[in-house]
Amino acid sequence: MAISGNLTVTFPNSSNSRDTTPAEKLALVTEEFTGMVEGTIERRSVLANHIPSRSVKGTATFTNHAVGKSTLRKVVPGVPLDGAKSDFAKTSVTVDTIVAAREFFSLLETFQTQYDVRREVATEQGKEIAKFRDQTHLIMAIKAARLTQSAFSQGAAGKPSGHFGGSLETLADAAAALDPALLYAALGKLLVKFEQKDVDPRNDDVIIVVKPEHYNTLIQAEQLINTQYVTSTGNKVNDGWVLKTYGVPVFASNNLPSTVITGHQYSNAFNGNAYDGDFSKVVAAVFSPRAIMSGETIPVTSEVFYDKMFKSWVVDSHLAFGVGPNRAEYAGTIELLV
């Protein structure tokens with residue numbers, strides 16, 4: 001028997017039976033897609049759980065202030081005790097660029113039925129965003145390590161008092177970087193330089209990021225031990241590997257810059273192409289979250305929407321953030337001489 005007359009059709013991806021428009025019919029699908037992107041970023045990013053990022057709203061620029069160390073003086077009976085000047089300074093970072101990943105699906109039927117396509121798109125966008133965020137933060141960690149003066153010095157050597165530049169350790173060449181004894185020794189020397197600047201690598205949440213080949217060099221030589229790593233704020237980063245004896249966590253990542261970078265998405269004339277640089281000799285970035293300042297105006301935002309002009313579904317993820325050097329003494333790098 002044929003069915004005739006008007007039918008009431010149920011759209012399970014609509015929200016509370018609001019299904020008048022195509023967008024309403026897929027309202028719940030949008031939320032699922034968003035979660036996929038963010039989940040992929042968490043899995044793919046080395047730094048997502050390690051580097052805090054402040055919210056930058058109502059302004060384009062966020063600022064950190066520095067206070068120089070205090071001075072102790074001997075009290076002499078009968079002699080008035082004079083005061084001592086403290087140093088104050090600031091540094092800032094501007095968020096002025098949005099980056100986005102976008103794909104169009106011209107056939108509605110394809111998008112509605114092929115759910116594997118949506119998952120693949122979400123995964124790819126999440127991977128690219130995770131790589132971009134990690135690389136951008138690692139660029140600034142390396143640049144902080146390369147500073148010979150404090151990021152707050154503003155051209156005044158030795159200011160603010162008690163603040164220092166970054167630390168550098170070198171290896172002769174690429175072959176030396178693959179020698180477990182030489183690489184381990186270089187990391188140890190670098191961490192000693194941290195301590196000489198009153199930075200405690202274990203309690204100040206210092207981490208080591210190396211390329212997979214150098215990570216393999218360390219782990220094959222049994223210079224890494226497995227442990228649960230929790231930051232000083234109680235944030236569990238991972239059940240991973242730390243450098244033997246020193247207790248500093250080591251991460252392997254292809255996101256560590258190791259080429260000459262020009263035309264970075266966030267580089268422009270206003271910031272002096274701050275995110276560009278020659279990183280071709282970098283072997284390891286060693287730093288604490290305090291080494292850099294990170295802020296975001298638009299956190300990762302993902303959505304699916306229908307564009308009437310193009311008669312297509314759009315899969316979109318975008319964000320806007322900025323990073324800059326902060327406390328350079330909390331950053332170090334190992335680089336090749338040739």
# chains A, B, ... in the order shown; residues from 1 in each chain; ligands from 1
$ residues_around --residues "Leu28 in chain A" --least-positions-apart "6" --cutoff "12 Å" --atoms "only C-alpha atoms" --output "tab-separated table (two decimals) with N, CA and C atoms, in the first residue's frame"
chain	number	residue	atom	x	y	z
A	11	PHE	N	14.70	14.58	11.88
A	11	PHE	CA	16.13	14.80	11.58
A	11	PHE	C	16.91	14.63	12.88
A	12	PRO	N	17.58	13.50	13.10
A	12	PRO	CA	18.24	13.23	14.39
A	12	PRO	C	19.41	14.16	14.70
A	13	ASN	N	19.93	14.84	13.69
A	13	ASN	CA	21.04	15.76	13.95
A	13	ASN	C	20.58	17.18	14.20
A	14	SER	N	19.26	17.39	14.27
A	14	SER	CA	18.74	18.72	14.61
A	14	SER	C	18.72	18.88	16.13
A	15	SER	N	18.61	20.11	16.58
A	15	SER	CA	18.60	20.38	18.01
A	15	SER	C	17.17	20.68	18.45
A	16	ASN	N	16.61	19.81	19.30
A	16	ASN	CA	15.26	19.99	19.85
A	16	ASN	C	14.22	20.22	18.75
A	17	SER	N	14.34	19.44	17.68
A	17	SER	CA	13.38	19.46	16.56
A	17	SER	C	13.36	20.76	15.77
A	18	ARG	N	14.37	21.59	15.94
A	18	ARG	CA	14.47	22.78	15.09
A	18	ARG	C	15.16	22.36	13.80
A	19	ASP	N	14.39	22.21	12.72
A	19	ASP	CA	14.93	21.65	11.48
A	19	ASP	C	14.37	22.35	10.25
A	22	PRO	N	18.75	24.04	6.48
A	22	PRO	CA	19.81	23.01	6.42
A	22	PRO	C	20.77	23.08	7.61
A	34	THR	N	33.63	20.00	16.09
A	34	THR	CA	34.47	20.85	16.92
A	34	THR	C	35.31	20.01	17.89
A	35	GLY	N	34.68	19.04	18.52
A	35	GLY	CA	35.40	18.20	19.46
A	35	GLY	C	36.50	17.40	18.80
A	303	GLU	N	33.89	25.05	13.15
A	303	GLU	CA	32.46	25.03	12.84
A	303	GLU	C	32.22	24.50	11.44
A	304	VAL	N	30.99	24.09	11.23
A	304	VAL	CA	30.52	23.68	9.91
A	304	VAL	C	29.33	24.56	9.58
A	305	PHE	N	29.35	25.19	8.42
A	305	PHE	CA	28.21	26.03	8.05
A	305	PHE	C	27.96	25.94	6.54
$ residues_around --residues "range 260-266 of chain A" --least-positions-apart "3" --cutoff "7 Å" --atoms "only C-alpha atoms" --output "PyMOL selection string"
chain A and resi 97+275-280
$ write_last_selection --atoms "N, CA, C and O atoms" --output "PDB file, in the first residue's frame"
ATOM      1  N   THR A  97      47.029  38.762  13.834  1.00  0.00           N
ATOM      2  CA  THR A  97      46.776  37.929  12.655  1.00  0.00           C
ATOM      3  C   THR A  97      45.947  36.711  13.024  1.00  0.00           C
ATOM      4  O   THR A  97      46.194  36.064  14.047  1.00  0.00           O
ATOM      5  N   TYR A 275      58.968  36.131  13.912  1.00  0.00           N
ATOM      6  CA  TYR A 275      58.855  34.675  13.945  1.00  0.00           C
ATOM      7  C   TYR A 275      59.738  33.999  12.892  1.00  0.00           C
ATOM      8  O   TYR A 275      59.736  32.771  12.796  1.00  0.00           O
ATOM      9  N   ASP A 276      60.462  34.788  12.099  1.00  0.00           N
ATOM     10  CA  ASP A 276      61.399  34.231  11.126  1.00  0.00           C
ATOM     11  C   ASP A 276      62.764  34.020  11.776  1.00  0.00           C
ATOM     12  O   ASP A 276      63.082  34.626  12.805  1.00  0.00           O
ATOM     13  N   GLY A 277      63.588  33.179  11.167  1.00  0.00           N
ATOM     14  CA  GLY A 277      64.934  33.001  11.687  1.00  0.00           C
ATOM     15  C   GLY A 277      65.611  31.770  11.118  1.00  0.00           C
ATOM     16  O   GLY A 277      64.993  30.936  10.446  1.00  0.00           O
ATOM     17  N   ASP A 278      66.901  31.646  11.412  1.00  0.00           N
ATOM     18  CA  ASP A 278      67.693  30.494  10.987  1.00  0.00           C
ATOM     19  C   ASP A 278      67.773  29.500  12.139  1.00  0.00           C
ATOM     20  O   ASP A 278      68.447  29.747  13.145  1.00  0.00           O
ATOM     21  N   PHE A 279      67.080  28.395  12.010  1.00  0.00           N
ATOM     22  CA  PHE A 279      67.058  27.374  13.057  1.00  0.00           C
ATOM     23  C   PHE A 279      67.685  26.073  12.560  1.00  0.00           C
ATOM     24  O   PHE A 279      67.454  25.012  13.121  1.00  0.00           O
ATOM     25  N   SER A 280      68.473  26.178  11.502  1.00  0.00           N
ATOM     26  CA  SER A 280      69.005  24.986  10.836  1.00  0.00           C
ATOM     27  C   SER A 280      70.016  24.218  11.686  1.00  0.00           C
ATOM     28  O   SER A 280      70.301  23.055  11.386  1.00  0.00           O
TER      29      SER A 280
END
$ atom_distance --atom1 "CA of Tyr246 in chain A" --atom2 "CA of Phe287 in chain A"
14.1 Å
$ atom_distance --atom1 "CA of Leu72 in chain A" --atom2 "CA of Lys197 in chain A"
18.7 Å
$ closest_residue --among "A:Asp87, A:Glu124, A:Asp96, A:Glu335" --to "Ala172 in chain A" --atoms "only C-alpha atoms"
A:Glu335
$ residues_around --residues "range 135-151 of chain A" --least-positions-apart "3" --cutoff "9 Å" --atoms "only C-alpha atoms" --output "VMD selection string"
chain A and resid 47 51 90 to 91 130 to 132 154 to 160 163 to 168 209 254 to 257 264 266 274 to 277 279 282 284 to 289 291 to 294 322 to 333
$ select_by_dssp --residues "range 12-149 of chain A" --states "helix (DSSP H, G or I)" --output "PyMOL selection string"
chain A and resi 22-25+27-44+108-113+115-146
$ select_by_dssp --residues "range 142-289 of chain A" --states "strand (DSSP E)" --output "VMD selection string"
chain A and resid 167 to 171 207 to 210 224 to 230 236 to 243 249 to 252 260 to 261 277 to 278 282 to 287
$ write_last_selection --atoms "N, CA and C atoms" --output "compact mmCIF listing (two decimals), in the first residue's frame"
# COMPACT_ATOMS: atom_id res chain seq x y z
N SER A 167 70.72 30.70 27.63
CA SER A 167 71.91 29.85 27.71
C SER A 167 72.08 29.07 26.42
N LEU A 168 73.33 28.88 26.03
CA LEU A 168 73.66 28.17 24.79
C LEU A 168 74.74 27.15 25.05
N GLU A 169 74.56 25.96 24.50
CA GLU A 169 75.58 24.92 24.52
C GLU A 169 75.73 24.44 23.08
N THR A 170 76.94 24.09 22.68
CA THR A 170 77.18 23.71 21.28
C THR A 170 77.71 22.29 21.15
N LEU A 171 77.47 21.73 19.97
CA LEU A 171 78.05 20.46 19.57
C LEU A 171 78.79 20.69 18.25
N ILE A 207 61.51 21.69 30.37
CA ILE A 207 61.39 20.52 29.52
C ILE A 207 62.45 20.59 28.42
N ILE A 208 62.73 19.43 27.82
CA ILE A 208 63.68 19.33 26.71
C ILE A 208 62.91 18.82 25.49
N VAL A 209 63.01 19.53 24.37
CA VAL A 209 62.37 19.09 23.13
C VAL A 209 63.46 18.84 22.09
N VAL A 210 63.48 17.65 21.53
CA VAL A 210 64.47 17.27 20.52
C VAL A 210 63.76 16.61 19.34
N LEU A 224 67.48 7.89 29.28
CA LEU A 224 66.17 8.36 29.69
C LEU A 224 65.54 7.30 30.58
N ILE A 225 64.78 7.75 31.59
CA ILE A 225 64.07 6.82 32.45
C ILE A 225 62.59 7.18 32.44
N ASN A 226 61.74 6.16 32.57
CA ASN A 226 60.30 6.35 32.50
C ASN A 226 59.75 6.78 33.85
N THR A 227 58.90 7.81 33.84
CA THR A 227 58.32 8.30 35.09
C THR A 227 57.06 9.07 34.78
N GLN A 228 56.28 9.38 35.79
CA GLN A 228 55.11 10.23 35.63
C GLN A 228 55.54 11.66 35.91
N TYR A 229 55.28 12.56 34.94
CA TYR A 229 55.70 13.96 35.07
C TYR A 229 54.50 14.84 35.38
N VAL A 230 54.57 15.55 36.50
CA VAL A 230 53.52 16.48 36.91
C VAL A 230 54.16 17.84 37.16
N LYS A 236 49.19 17.23 35.16
CA LYS A 236 49.86 16.03 34.66
C LYS A 236 50.11 16.18 33.18
N VAL A 237 51.38 16.16 32.77
CA VAL A 237 51.73 16.31 31.36
C VAL A 237 51.68 14.97 30.65
N ASN A 238 52.33 13.97 31.18
CA ASN A 238 52.28 12.65 30.56
C ASN A 238 53.00 11.63 31.44
N ASP A 239 52.80 10.37 31.11
CA ASP A 239 53.65 9.33 31.66
C ASP A 239 54.76 9.15 30.64
N GLY A 240 55.88 9.78 30.86
CA GLY A 240 56.91 9.80 29.82
C GLY A 240 58.30 9.60 30.37
N TRP A 241 59.24 10.15 29.61
CA TRP A 241 60.65 9.89 29.88
C TRP A 241 61.35 11.17 30.33
N VAL A 242 62.21 11.00 31.32
CA VAL A 242 62.99 12.14 31.81
C VAL A 242 64.48 11.83 31.65
N LEU A 243 65.28 12.88 31.59
CA LEU A 243 66.72 12.71 31.45
C LEU A 243 67.30 12.14 32.73
N PRO A 249 61.96 16.25 31.95
CA PRO A 249 61.27 15.50 30.89
C PRO A 249 61.78 15.82 29.51
N VAL A 250 61.83 14.80 28.67
CA VAL A 250 62.32 14.92 27.29
C VAL A 250 61.20 14.52 26.34
N PHE A 251 60.95 15.36 25.32
CA PHE A 251 59.91 15.09 24.34
C PHE A 251 60.53 15.05 22.94
N ALA A 252 60.03 14.15 22.12
CA ALA A 252 60.43 14.10 20.71
C ALA A 252 59.37 14.78 19.88
N VAL A 260 65.67 27.14 7.94
CA VAL A 260 65.56 28.59 7.86
C VAL A 260 64.09 28.90 7.59
N ILE A 261 63.46 29.65 8.50
CA ILE A 261 62.05 29.98 8.36
C ILE A 261 61.89 31.43 7.93
N GLY A 277 63.59 33.18 11.17
CA GLY A 277 64.93 33.00 11.69
C GLY A 277 65.61 31.77 11.12
N ASP A 278 66.90 31.65 11.41
CA ASP A 278 67.69 30.49 10.99
C ASP A 278 67.77 29.50 12.14
N VAL A 282 69.75 23.95 15.14
CA VAL A 282 69.17 23.66 16.46
C VAL A 282 69.05 22.15 16.67
N VAL A 283 69.54 21.70 17.81
CA VAL A 283 69.44 20.29 18.18
C VAL A 283 68.38 20.10 19.27
N ALA A 284 68.33 21.03 20.22
CA ALA A 284 67.39 20.90 21.33
C ALA A 284 66.95 22.27 21.82
N ALA A 285 65.69 22.37 22.21
CA ALA A 285 65.17 23.55 22.89
C ALA A 285 64.86 23.13 24.32
N VAL A 286 65.42 23.84 25.27
CA VAL A 286 65.26 23.52 26.68
C VAL A 286 64.69 24.76 27.36
N PHE A 287 63.51 24.64 27.96
CA PHE A 287 62.90 25.85 28.49
C PHE A 287 61.77 25.53 29.46
